[in-house]
Amino acid sequence: MGGLKKKKLWGSVSLVMALTLALAGCSGEEAKTTTPDGKEVLNISAFIGTPNQAPAADNRIYKKIEDELGVKLNMEFLVGDLQQKLGVMVAGGDYPDLITADTKLVAAGAVIPLEDLIEQHAPNLKKHYAKDWERMKDSSDGHIYWLPNYGVYTGEFISNYYSGPAFWIQKQVLKEAGYPTPKTLDDYMKLIRDYTAKHPTTEDGQPTIGFTTLASDWRTFPLLNPPEHLTGHPNDGGVVVDDNGVASVFADKDISKRYYKELNGLYNDGLLDKEAFVQNYDQYLAKISSGRVVGMFDQHWNFQQGEDTLVAQNKIGQTYVGFPLVYDTSIKDHYLDRPVINLNNGFGISKDAKDPVAILKFLDALMDEKYQKLLSWGEEGVDYMVNEQGRFYRTPEQRTQQEDPAWKLANKAEGFYGAAPKMEGTFSDGNAIGATNQPEEFYDSLKAEDKELLDAYGFKTWSDFFSPAPENPVYYPAWQVDLKEGSDASVANKQMTDTSLKYLPRAIMSKANEFDSIWSEYVDAYKKINVKAYEDRINEQLQWRIQNWTVK
């Protein structure tokens, strides 16, 4: 509940549409076909369970992959409700070759074990995952079903860009207030109240939204996760874990009540987005991109698309800085964490794949540094340059074009790359994997407003706003625990989420003198759920990790 990648919602199956590369064939074609000039092509169908715009038909990077590796990708991106889409797949028993991770698919027997195939046919992938090989195995049967898409680092770990959880606030708010450093929730809310009092509308006349949140589909963490961070805990999803590695649910506890009561105050003052609890993800991003939203709690990767639109319009003052807020200054913040492999995420190969070995060999080929540079930086001389010292950099013109969403659809492979196995850290030549991680390129690419802001705080990167990340506990993070589809723990998890989504909006949007009574109803409803089954499954798996993942 409330982790980085757990999914749910309601909607219409008709909303789920195939967004297909024009260069690709249809999903029902043979695994391999021959072009008119006699070239053999491997056709791979893939379902990616996140919303993305379809790439341009003549996308340069996908075309290069086709020309050099002989692979056509037929990609379907999610539009609408993920769980409903997966439910239709499972009911029909018909799957694409590649599919992004969900525990429902393992339970349905939809994906095949990969460990032996990797050992035999994918040396690059085996090397890539070597340190995390045991962690990738399903604790119930010892098989590897998924190829994690993030969290496996080579070389040096660089943290310039911050993609994790925070309380975000517009840069123009900080500038107007003289660049303060909000430490507590009270500090942050005062900034929002003061700014919206002076600016009830934006420059183009739209009503300013003081604070918004999101609780749509599996993206419930913007609403549900803040209390754990405000009390100094890292992102463990729906639980907080004590020093002994014991997890407990916090959604119905006083640490949560304090936060939602604050939102109730915002709502009654007209500063909380009245559509927050009914908006879907696209509507949320549209609000971010409008520049109306002063602040929100979220993970940066989750609202990045909305912010990209603001950058493309050079509305830098309306983009965001994240702060690691706590309830009071006696609490040390723990928002920034060390890299952790993104278990139960990434691609799996379905039972319907006609040539799983060829598919795996394709993914293995992409792990070569040549293609990792292509996918992360682009083409040398086109998307980036190399100086006399061998360092990668981009010209001002190259930086500007990469801010254009339309340009990216024609010249980058973000939809596929986001879900695929990838290197992170540094290449063997010392260059960072990705321009935002190249220290000199990161700073040179900053807008003047960003440099002014960082200079005002005495910082060099966005990660500097957060306390340094301590060593991750062996078990971390708890949100990656597989609850097992259909188990008592899984049922309890759904009931907890449904109960929170039923009562929290009511409590937050109630009159101030009604909040406590609705909160009591919420707590009583929680008592009817088998929360212990959920906590027991989490704790059983945390202890299993501690016993099996501890270096001996």
# chains A, B, ... in the order shown; residues from 1 in each chain; ligands from 1

$ closest_atom_pairs --of "range 362-442 of chain A" --to "range 110-127 of chain A" --cutoff "10 Å" --atoms "only C-alpha atoms" --output "JSON lines"
{"residue": "A:Phe362", "atom": "CA", "partner": "A:Ala122", "partner_atom": "CA", "distance": 9.0}
{"residue": "A:Leu363", "atom": "CA", "partner": "A:Leu125", "partner_atom": "CA", "distance": 8.0}
{"residue": "A:Asp364", "atom": "CA", "partner": "A:Ala122", "partner_atom": "CA", "distance": 5.4}
{"residue": "A:Ala365", "atom": "CA", "partner": "A:Asn124", "partner_atom": "CA", "distance": 7.5}
{"residue": "A:Leu366", "atom": "CA", "partner": "A:Asn124", "partner_atom": "CA", "distance": 8.8}
{"residue": "A:Met367", "atom": "CA", "partner": "A:Asn124", "partner_atom": "CA", "distance": 6.1}
{"residue": "A:Asp368", "atom": "CA", "partner": "A:Asn124", "partner_atom": "CA", "distance": 7.1}
{"residue": "A:Pro421", "atom": "CA", "partner": "A:Leu125", "partner_atom": "CA", "distance": 8.1}
{"residue": "A:Lys422", "atom": "CA", "partner": "A:Leu125", "partner_atom": "CA", "distance": 9.4}

$ write_last_selection --atoms "N, CA and C atoms" --output "mmCIF file, in the first residue's frame"
data_model
loop_
_atom_site.group_PDB
_atom_site.id
_atom_site.type_symbol
_atom_site.label_atom_id
_atom_site.label_comp_id
_atom_site.auth_asym_id
_atom_site.auth_seq_id
_atom_site.Cartn_x
_atom_site.Cartn_y
_atom_site.Cartn_z
ATOM 1 N N PHE A 362 18.223 -10.040 -27.250
ATOM 2 C CA PHE A 362 18.050 -8.634 -27.624
ATOM 3 C C PHE A 362 18.251 -7.723 -26.416
ATOM 4 N N LEU A 363 17.595 -8.047 -25.301
ATOM 5 C CA LEU A 363 17.765 -7.249 -24.086
ATOM 6 C C LEU A 363 19.209 -7.294 -23.610
ATOM 7 N N ASP A 364 19.858 -8.433 -23.798
ATOM 8 C CA ASP A 364 21.260 -8.570 -23.416
ATOM 9 C C ASP A 364 22.148 -7.678 -24.282
ATOM 10 N N ALA A 365 21.852 -7.629 -25.578
ATOM 11 C CA ALA A 365 22.634 -6.782 -26.479
ATOM 12 C C ALA A 365 22.516 -5.314 -26.099
ATOM 13 N N LEU A 366 21.331 -4.912 -25.637
ATOM 14 C CA LEU A 366 21.131 -3.515 -25.240
ATOM 15 C C LEU A 366 21.933 -3.134 -24.006
ATOM 16 N N MET A 367 22.420 -4.132 -23.250
ATOM 17 C CA MET A 367 23.227 -3.835 -22.067
ATOM 18 C C MET A 367 24.672 -3.519 -22.420
ATOM 19 N N ASP A 368 25.063 -3.687 -23.673
ATOM 20 C CA ASP A 368 26.382 -3.249 -24.112
ATOM 21 C C ASP A 368 26.469 -1.735 -23.950
ATOM 22 N N PRO A 421 15.900 -3.107 -18.584
ATOM 23 C CA PRO A 421 17.117 -3.151 -17.763
ATOM 24 C C PRO A 421 18.066 -2.046 -18.216
ATOM 25 N N LYS A 422 18.775 -1.444 -17.268
ATOM 26 C CA LYS A 422 19.666 -0.358 -17.646
ATOM 27 C C LYS A 422 20.824 -0.221 -16.675
#

$ closest_residue --among "A:Ala410, A:Ile158, A:Leu325, A:Val173" --to "Asp186 in chain A" --atoms "only C-alpha atoms"
A:Leu325

$ residues_around --residues "Lys131 in chain A" --least-positions-apart "6" --cutoff "12 Å" --atoms "only C-alpha atoms" --output "list in words"
Leu125, Gly151, Val152, Tyr153, Thr154, Val340, Ile341, Trp549 and Val551 of chain A

$ closest_atom_pairs --of "range 340-394 of chain A" --to "range 82-104 of chain A" --cutoff "9 Å" --atoms "only C-alpha atoms" --output "CSV"
residue,atom,partner,partner_atom,distance
A:Asn344,CA,A:Ala101,CA,5.9
A:Asn345,CA,A:Ala101,CA,4.8
A:Gly346,CA,A:Thr100,CA,5.3
A:Phe347,CA,A:Thr100,CA,4.5
A:Gly348,CA,A:Ile99,CA,5.5
A:Ile349,CA,A:Leu98,CA,4.8
A:Ser350,CA,A:Asp97,CA,5.3
A:Lys351,CA,A:Tyr95,CA,7.6
A:Asp352,CA,A:Tyr95,CA,6.1
A:Ala353,CA,A:Asp97,CA,4.4
A:Lys354,CA,A:Asp97,CA,7.6
A:Asp355,CA,A:Asp97,CA,8.6
A:Pro356,CA,A:Asp97,CA,7.8
A:Ile359,CA,A:Asp97,CA,8.1

$ write_last_selection --atoms "C-alpha atoms" --output "short mmCIF file (atom, residue, chain, number, x, y, z; two decimals), in the first residue's frame"
data_model
loop_
_atom_site.label_atom_id
_atom_site.label_comp_id
_atom_site.auth_asym_id
_atom_site.auth_seq_id
_atom_site.Cartn_x
_atom_site.Cartn_y
_atom_site.Cartn_z
CA ASN A 344 9.17 -6.72 -8.80
CA ASN A 345 9.47 -4.14 -11.56
CA GLY A 346 10.76 -4.05 -15.11
CA PHE A 347 10.11 -6.52 -17.92
CA GLY A 348 9.20 -10.19 -17.78
CA ILE A 349 8.86 -12.57 -20.73
CA SER A 350 5.41 -14.07 -21.16
CA LYS A 351 4.50 -17.70 -21.68
CA ASP A 352 3.18 -16.74 -25.13
CA ALA A 353 6.52 -15.42 -26.40
CA LYS A 354 7.40 -17.43 -29.51
CA ASP A 355 11.16 -17.02 -29.12
CA PRO A 356 12.09 -16.12 -25.52
CA ILE A 359 14.07 -11.72 -26.89
#

$ select_by_dssp --residues "range 220-408 of chain A" --states "strand (DSSP E or B)" --output "PyMOL selection string"
chain A and resi 239-241+247-249+272+293-299+320-323+326+347-350+380+384-386+392-393

$ residues_around --residues "range 427-435 of chain A" --least-positions-apart "3" --cutoff "10 Å" --atoms "only C-alpha atoms" --output "number ranges by chain"
A: 153-158, 369, 372-378, 384, 390-394, 399, 422-424, 438-442, 445

$ write_last_selection --atoms "N, CA and C atoms" --output "JSON list (two decimals), in the first residue's frame"
[["chain", "number", "residue", "atom", "x", "y", "z"],
["A", 153, "TYR", "N", 23.81, -0.28, -9.99],
["A", 153, "TYR", "CA", 24.82, 0.73, -10.31],
["A", 153, "TYR", "C", 26.17, 0.11, -10.63],
["A", 154, "THR", "N", 26.85, 0.73, -11.59],
["A", 154, "THR", "CA", 28.24, 0.40, -11.89],
["A", 154, "THR", "C", 29.06, 1.67, -11.73],
["A", 155, "GLY", "N", 30.32, 1.49, -11.38],
["A", 155, "GLY", "CA", 31.17, 2.66, -11.21],
["A", 155, "GLY", "C", 30.71, 3.52, -10.05],
["A", 156, "GLU", "N", 30.67, 4.82, -10.27],
["A", 156, "GLU", "CA", 30.36, 5.79, -9.20],
["A", 156, "GLU", "C", 28.88, 6.14, -9.18],
["A", 157, "PHE", "N", 28.30, 6.17, -7.98],
["A", 157, "PHE", "CA", 26.92, 6.64, -7.82],
["A", 157, "PHE", "C", 26.93, 8.16, -7.74],
["A", 158, "ILE", "N", 26.19, 8.79, -8.63],
["A", 158, "ILE", "CA", 26.13, 10.26, -8.68],
["A", 158, "ILE", "C", 24.69, 10.69, -8.44],
["A", 369, "GLU", "N", 27.63, -1.23, -23.55],
["A", 369, "GLU", "CA", 27.77, 0.21, -23.31],
["A", 369, "GLU", "C", 27.40, 1.04, -24.54],
["A", 372, "GLN", "N", 23.74, 1.42, -24.28],
["A", 372, "GLN", "CA", 23.38, 2.17, -23.08],
["A", 372, "GLN", "C", 23.68, 3.65, -23.28],
["A", 373, "LYS", "N", 24.74, 3.97, -24.01],
["A", 373, "LYS", "CA", 25.04, 5.37, -24.33],
["A", 373, "LYS", "C", 23.99, 5.92, -25.30],
["A", 374, "LEU", "N", 23.59, 5.09, -26.25],
["A", 374, "LEU", "CA", 22.56, 5.52, -27.21],
["A", 374, "LEU", "C", 21.25, 5.83, -26.49],
["A", 375, "LEU", "N", 20.85, 4.96, -25.56],
["A", 375, "LEU", "CA", 19.57, 5.12, -24.89],
["A", 375, "LEU", "C", 19.59, 6.23, -23.84],
["A", 376, "SER", "N", 20.74, 6.48, -23.23],
["A", 376, "SER", "CA", 20.80, 7.49, -22.17],
["A", 376, "SER", "C", 21.25, 8.86, -22.67],
["A", 377, "TRP", "N", 22.26, 8.91, -23.54],
["A", 377, "TRP", "CA", 22.77, 10.18, -24.05],
["A", 377, "TRP", "C", 22.26, 10.49, -25.46],
["A", 378, "GLY", "N", 22.10, 9.44, -26.29],
["A", 378, "GLY", "CA", 21.72, 9.64, -27.68],
["A", 378, "GLY", "C", 22.88, 9.31, -28.59],
["A", 384, "TYR", "N", 24.89, 14.81, -28.31],
["A", 384, "TYR", "CA", 25.91, 15.23, -27.36],
["A", 384, "TYR", "C", 27.25, 15.28, -28.08],
["A", 390, "GLY", "N", 37.65, 13.54, -23.39],
["A", 390, "GLY", "CA", 36.76, 12.40, -23.48],
["A", 390, "GLY", "C", 35.47, 12.56, -22.68],
["A", 391, "ARG", "N", 35.22, 13.76, -22.19],
["A", 391, "ARG", "CA", 34.02, 14.00, -21.39],
["A", 391, "ARG", "C", 32.84, 14.35, -22.29],
["A", 392, "PHE", "N", 31.69, 13.76, -21.99],
["A", 392, "PHE", "CA", 30.48, 14.04, -22.75],
["A", 392, "PHE", "C", 29.87, 15.36, -22.28],
["A", 393, "TYR", "N", 29.36, 16.14, -23.23],
["A", 393, "TYR", "CA", 28.66, 17.38, -22.89],
["A", 393, "TYR", "C", 27.66, 17.68, -24.00],
["A", 394, "ARG", "N", 26.78, 18.61, -23.73],
["A", 394, "ARG", "CA", 25.81, 19.03, -24.74],
["A", 394, "ARG", "C", 25.97, 20.52, -25.00],
["A", 399, "ARG", "N", 20.81, 21.07, -25.59],
["A", 399, "ARG", "CA", 20.04, 21.09, -24.33],
["A", 399, "ARG", "C", 18.62, 21.60, -24.59],
["A", 422, "LYS", "N", 18.77, -1.44, -17.27],
["A", 422, "LYS", "CA", 19.67, -0.36, -17.65],
["A", 422, "LYS", "C", 20.82, -0.22, -16.67],
["A", 423, "MET", "N", 21.94, 0.26, -17.19],
["A", 423, "MET", "CA", 23.06, 0.63, -16.34],
["A", 423, "MET", "C", 22.76, 1.98, -15.69],
["A", 424, "GLU", "N", 23.24, 2.15, -14.47],
["A", 424, "GLU", "CA", 23.23, 3.45, -13.81],
["A", 424, "GLU", "C", 24.58, 3.64, -13.14],
["A", 438, "GLN", "N", 25.98, 13.84, -15.19],
["A", 438, "GLN", "CA", 27.32, 14.31, -15.49],
["A", 438, "GLN", "C", 27.51, 15.63, -14.75],
["A", 439, "PRO", "N", 28.38, 15.68, -13.73],
["A", 439, "PRO", "CA", 28.43, 16.87, -12.87],
["A", 439, "PRO", "C", 28.55, 18.19, -13.62],
["A", 440, "GLU", "N", 29.50, 18.28, -14.55],
["A", 440, "GLU", "CA", 29.69, 19.54, -15.25],
["A", 440, "GLU", "C", 28.52, 19.84, -16.20],
["A", 441, "GLU", "N", 27.97, 18.80, -16.81],
["A", 441, "GLU", "CA", 26.83, 18.99, -17.70],
["A", 441, "GLU", "C", 25.58, 19.37, -16.92],
["A", 442, "PHE", "N", 25.42, 18.76, -15.75],
["A", 442, "PHE", "CA", 24.28, 19.11, -14.90],
["A", 442, "PHE", "C", 24.28, 20.60, -14.59],
["A", 445, "SER", "N", 23.85, 22.96, -17.66],
["A", 445, "SER", "CA", 22.52, 22.91, -18.27],
["A", 445, "SER", "C", 21.45, 23.60, -17.43]]

$ closest_atom_pairs --of "range 367-439 of chain A" --to "range 67-77 of chain A" --cutoff "12 Å" --atoms "only C-alpha atoms" --output "Markdown table"
| residue | atom | partner | partner_atom | distance |
| --- | --- | --- | --- | --- |
| A:Lys370 | CA | A:Glu68 | CA | 11.5 |
| A:Tyr371 | CA | A:Glu68 | CA | 10.3 |
| A:Ala413 | CA | A:Leu73 | CA | 11.0 |
| A:Glu414 | CA | A:Phe77 | CA | 11.9 |
| A:Gly415 | CA | A:Phe77 | CA | 8.2 |
| A:Phe416 | CA | A:Met75 | CA | 8.0 |
| A:Tyr417 | CA | A:Met75 | CA | 11.8 |
| A:Gly418 | CA | A:Phe77 | CA | 11.9 |
| A:Ala419 | CA | A:Phe77 | CA | 11.0 |

$ closest_atom_pairs --of "range 299-411 of chain A" --to "range 276-293 of chain A" --cutoff "10 Å" --atoms "only C-alpha atoms" --output "Markdown table"
| residue | atom | partner | partner_atom | distance |
| --- | --- | --- | --- | --- |
| A:Asn302 | CA | A:Leu285 | CA | 8.9 |
| A:Phe303 | CA | A:Leu285 | CA | 6.3 |
| A:Gln304 | CA | A:Leu285 | CA | 8.5 |
| A:Gln305 | CA | A:Leu285 | CA | 6.9 |
| A:Gly306 | CA | A:Ser289 | CA | 4.4 |
| A:Glu307 | CA | A:Ser289 | CA | 5.8 |
| A:Asp308 | CA | A:Ser289 | CA | 7.7 |
| A:Thr309 | CA | A:Ser289 | CA | 5.6 |
| A:Leu310 | CA | A:Ser289 | CA | 5.6 |
| A:Val311 | CA | A:Ser289 | CA | 9.2 |
| A:Gln313 | CA | A:Ser289 | CA | 9.7 |
| A:Lys315 | CA | A:Gly291 | CA | 8.0 |
| A:Ile316 | CA | A:Gly291 | CA | 9.7 |
| A:Gly317 | CA | A:Gly291 | CA | 9.0 |
| A:Gln318 | CA | A:Gly291 | CA | 5.5 |
| A:Thr319 | CA | A:Gly291 | CA | 7.7 |
| A:Tyr320 | CA | A:Ile288 | CA | 9.9 |

$ select_by_dssp --residues "range 246-365 of chain A" --states "alpha helix (DSSP H)" --output "ChimeraX atom specification"
/A:254-268,281-290,300-312,356-365

$ atom_distance --atom1 "CA of Phe211 in chain A" --atom2 "CA of Met296 in chain A"
5.3 Å

$ atom_distance --atom1 "CA of Pro339 in chain A" --atom2 "CA of Ile48 in chain A"
23.2 Å

$ residues_around --residues "range 253-260 of chain A" --least-positions-apart "5" --cutoff "10 Å" --atoms "only C-alpha atoms" --output "list in words"
Leu185, Leu223, Leu224, Asn225, Pro226, Pro227, Glu228, Leu230, Thr231, Gly265, Leu266, Tyr327, Leu504, Pro505, Ala507, Ile508, Met509, Phe515, Asp516, Trp519 and Val523 of chain A

$ residues_around --residues "Ile546 in chain A" --least-positions-apart "4" --cutoff "7 Å" --atoms "only C-alpha atoms" --output "PyMOL selection string"
chain A and resi 474-475+542+550

$ write_last_selection --atoms "N, CA and C atoms" --output "short mmCIF file (atom, residue, chain, number, x, y, z; two decimals), in the first residue's frame"
data_model
loop_
_atom_site.label_atom_id
_atom_site.label_comp_id
_atom_site.auth_asym_id
_atom_site.auth_seq_id
_atom_site.Cartn_x
_atom_site.Cartn_y
_atom_site.Cartn_z
N VAL A 474 19.21 -3.90 5.63
CA VAL A 474 19.30 -5.06 4.74
C VAL A 474 17.97 -5.34 4.06
N TYR A 475 16.88 -5.21 4.78
CA TYR A 475 15.56 -5.57 4.25
C TYR A 475 15.02 -4.57 3.24
N LEU A 542 10.44 -9.49 5.71
CA LEU A 542 11.57 -8.68 6.16
C LEU A 542 12.58 -9.54 6.90
N THR A 550 21.75 -10.83 4.29
CA THR A 550 22.87 -10.31 5.07
C THR A 550 24.17 -10.92 4.58
#

$ atom_distance --atom1 "CA of Phe466 in chain A" --atom2 "CA of Asn235 in chain A"
14.1 Å

$ residues_around --residues "Ala489 in chain A" --least-positions-apart "2" --cutoff "9 Å" --atoms "only C-alpha atoms" --output "ChimeraX atom specification"
/A:483-487,491-494,530-538

$ closest_atom_pairs --of "range 66-183 of chain A" --to "range 452-455 of chain A" --cutoff "10 Å" --atoms "only C-alpha atoms" --output "Markdown table"
| residue | atom | partner | partner_atom | distance |
| --- | --- | --- | --- | --- |
| A:Lys171 | CA | A:Leu453 | CA | 7.8 |
| A:Gln172 | CA | A:Leu453 | CA | 9.6 |
| A:Leu174 | CA | A:Leu453 | CA | 8.4 |
| A:Lys175 | CA | A:Leu453 | CA | 7.5 |
| A:Gly178 | CA | A:Leu453 | CA | 10.0 |
| A:Tyr179 | CA | A:Leu453 | CA | 7.5 |

$ write_last_selection --atoms "N, CA and C atoms" --output "mmCIF file, in the first residue's frame"
data_model
loop_
_atom_site.group_PDB
_atom_site.id
_atom_site.type_symbol
_atom_site.label_atom_id
_atom_site.label_comp_id
_atom_site.auth_asym_id
_atom_site.auth_seq_id
_atom_site.Cartn_x
_atom_site.Cartn_y
_atom_site.Cartn_z
ATOM 1 N N LYS A 171 9.582 27.464 -7.253
ATOM 2 C CA LYS A 171 10.785 28.265 -7.051
ATOM 3 C C LYS A 171 10.463 29.746 -6.880
ATOM 4 N N GLN A 172 9.421 30.225 -7.557
ATOM 5 C CA GLN A 172 9.070 31.641 -7.432
ATOM 6 C C GLN A 172 8.594 31.986 -6.019
ATOM 7 N N LEU A 174 9.840 30.615 -3.256
ATOM 8 C CA LEU A 174 11.064 30.727 -2.461
ATOM 9 C C LEU A 174 11.774 32.044 -2.740
ATOM 10 N N LYS A 175 11.836 32.429 -3.999
ATOM 11 C CA LYS A 175 12.512 33.680 -4.350
ATOM 12 C C LYS A 175 11.822 34.870 -3.705
ATOM 13 N N GLY A 178 12.571 35.306 -0.082
ATOM 14 C CA GLY A 178 13.963 35.501 0.300
ATOM 15 C C GLY A 178 14.730 34.212 0.504
ATOM 16 N N TYR A 179 14.326 33.166 -0.172
ATOM 17 C CA TYR A 179 14.972 31.850 -0.129
ATOM 18 C C TYR A 179 15.061 31.269 1.286
#

$ decode --residues "range 147-174 of chain A" --atoms "N, CA and C atoms" --output "compact mmCIF listing (two decimals), in the first residue's frame"
# COMPACT_ATOMS: atom_id res chain seq x y z
N LEU A 147 13.06 -8.49 -14.72
CA LEU A 147 14.36 -7.85 -14.93
C LEU A 147 14.25 -6.41 -14.42
N PRO A 148 14.66 -6.15 -13.18
CA PRO A 148 14.48 -4.82 -12.59
C PRO A 148 15.05 -3.71 -13.47
N ASN A 149 14.31 -2.61 -13.53
CA ASN A 149 14.66 -1.53 -14.46
C ASN A 149 15.50 -0.43 -13.84
N TYR A 150 15.60 -0.38 -12.52
CA TYR A 150 16.39 0.66 -11.87
C TYR A 150 17.10 0.09 -10.65
N GLY A 151 18.14 0.79 -10.23
CA GLY A 151 18.76 0.49 -8.94
C GLY A 151 20.00 -0.37 -8.99
N VAL A 152 20.51 -0.70 -10.18
CA VAL A 152 21.74 -1.49 -10.29
C VAL A 152 22.83 -0.56 -10.83
N TYR A 153 23.81 -0.28 -9.99
CA TYR A 153 24.82 0.73 -10.31
C TYR A 153 26.17 0.11 -10.63
N THR A 154 26.85 0.73 -11.59
CA THR A 154 28.24 0.40 -11.89
C THR A 154 29.06 1.67 -11.73
N GLY A 155 30.32 1.49 -11.38
CA GLY A 155 31.17 2.66 -11.21
C GLY A 155 30.71 3.52 -10.05
N GLU A 156 30.67 4.82 -10.27
CA GLU A 156 30.36 5.79 -9.20
C GLU A 156 28.88 6.14 -9.18
N PHE A 157 28.30 6.17 -7.98
CA PHE A 157 26.92 6.64 -7.82
C PHE A 157 26.93 8.16 -7.74
N ILE A 158 26.19 8.79 -8.63
CA ILE A 158 26.13 10.26 -8.68
C ILE A 158 24.69 10.69 -8.44
N SER A 159 24.51 11.67 -7.56
CA SER A 159 23.16 12.11 -7.23
C SER A 159 23.05 13.62 -7.38
N ASN A 160 22.90 14.08 -8.62
CA ASN A 160 22.66 15.50 -8.87
C ASN A 160 21.16 15.79 -8.89
N TYR A 161 20.49 15.03 -9.71
CA TYR A 161 19.04 15.15 -9.87
C TYR A 161 18.37 14.33 -8.77
N TYR A 162 17.30 14.87 -8.19
CA TYR A 162 16.58 14.14 -7.14
C TYR A 162 15.21 13.72 -7.67
N SER A 163 14.95 12.41 -7.69
CA SER A 163 13.70 11.91 -8.26
C SER A 163 12.75 11.35 -7.22
N GLY A 164 13.11 11.42 -5.94
CA GLY A 164 12.35 10.76 -4.90
C GLY A 164 11.28 11.61 -4.25
N PRO A 165 10.82 11.18 -3.06
CA PRO A 165 9.72 11.86 -2.37
C PRO A 165 10.17 13.15 -1.70
N ALA A 166 9.25 14.10 -1.65
CA ALA A 166 9.52 15.38 -0.97
C ALA A 166 8.23 16.19 -0.94
N PHE A 167 8.25 17.23 -0.14
CA PHE A 167 7.23 18.26 -0.23
C PHE A 167 7.78 19.32 -1.19
N TRP A 168 7.11 19.49 -2.31
CA TRP A 168 7.60 20.36 -3.38
C TRP A 168 6.92 21.72 -3.32
N ILE A 169 7.70 22.75 -3.70
CA ILE A 169 7.15 24.10 -3.72
C ILE A 169 7.77 24.86 -4.88
N GLN A 170 6.99 25.75 -5.48
CA GLN A 170 7.47 26.47 -6.65
C GLN A 170 8.66 27.37 -6.31
N LYS A 171 9.58 27.46 -7.25
CA LYS A 171 10.78 28.27 -7.05
C LYS A 171 10.46 29.75 -6.88
N GLN A 172 9.42 30.22 -7.56
CA GLN A 172 9.07 31.64 -7.43
C GLN A 172 8.59 31.99 -6.02
N VAL A 173 8.03 31.01 -5.32
CA VAL A 173 7.61 31.22 -3.93
C VAL A 173 8.83 31.45 -3.05
N LEU A 174 9.84 30.62 -3.26
CA LEU A 174 11.06 30.73 -2.46
C LEU A 174 11.77 32.04 -2.74
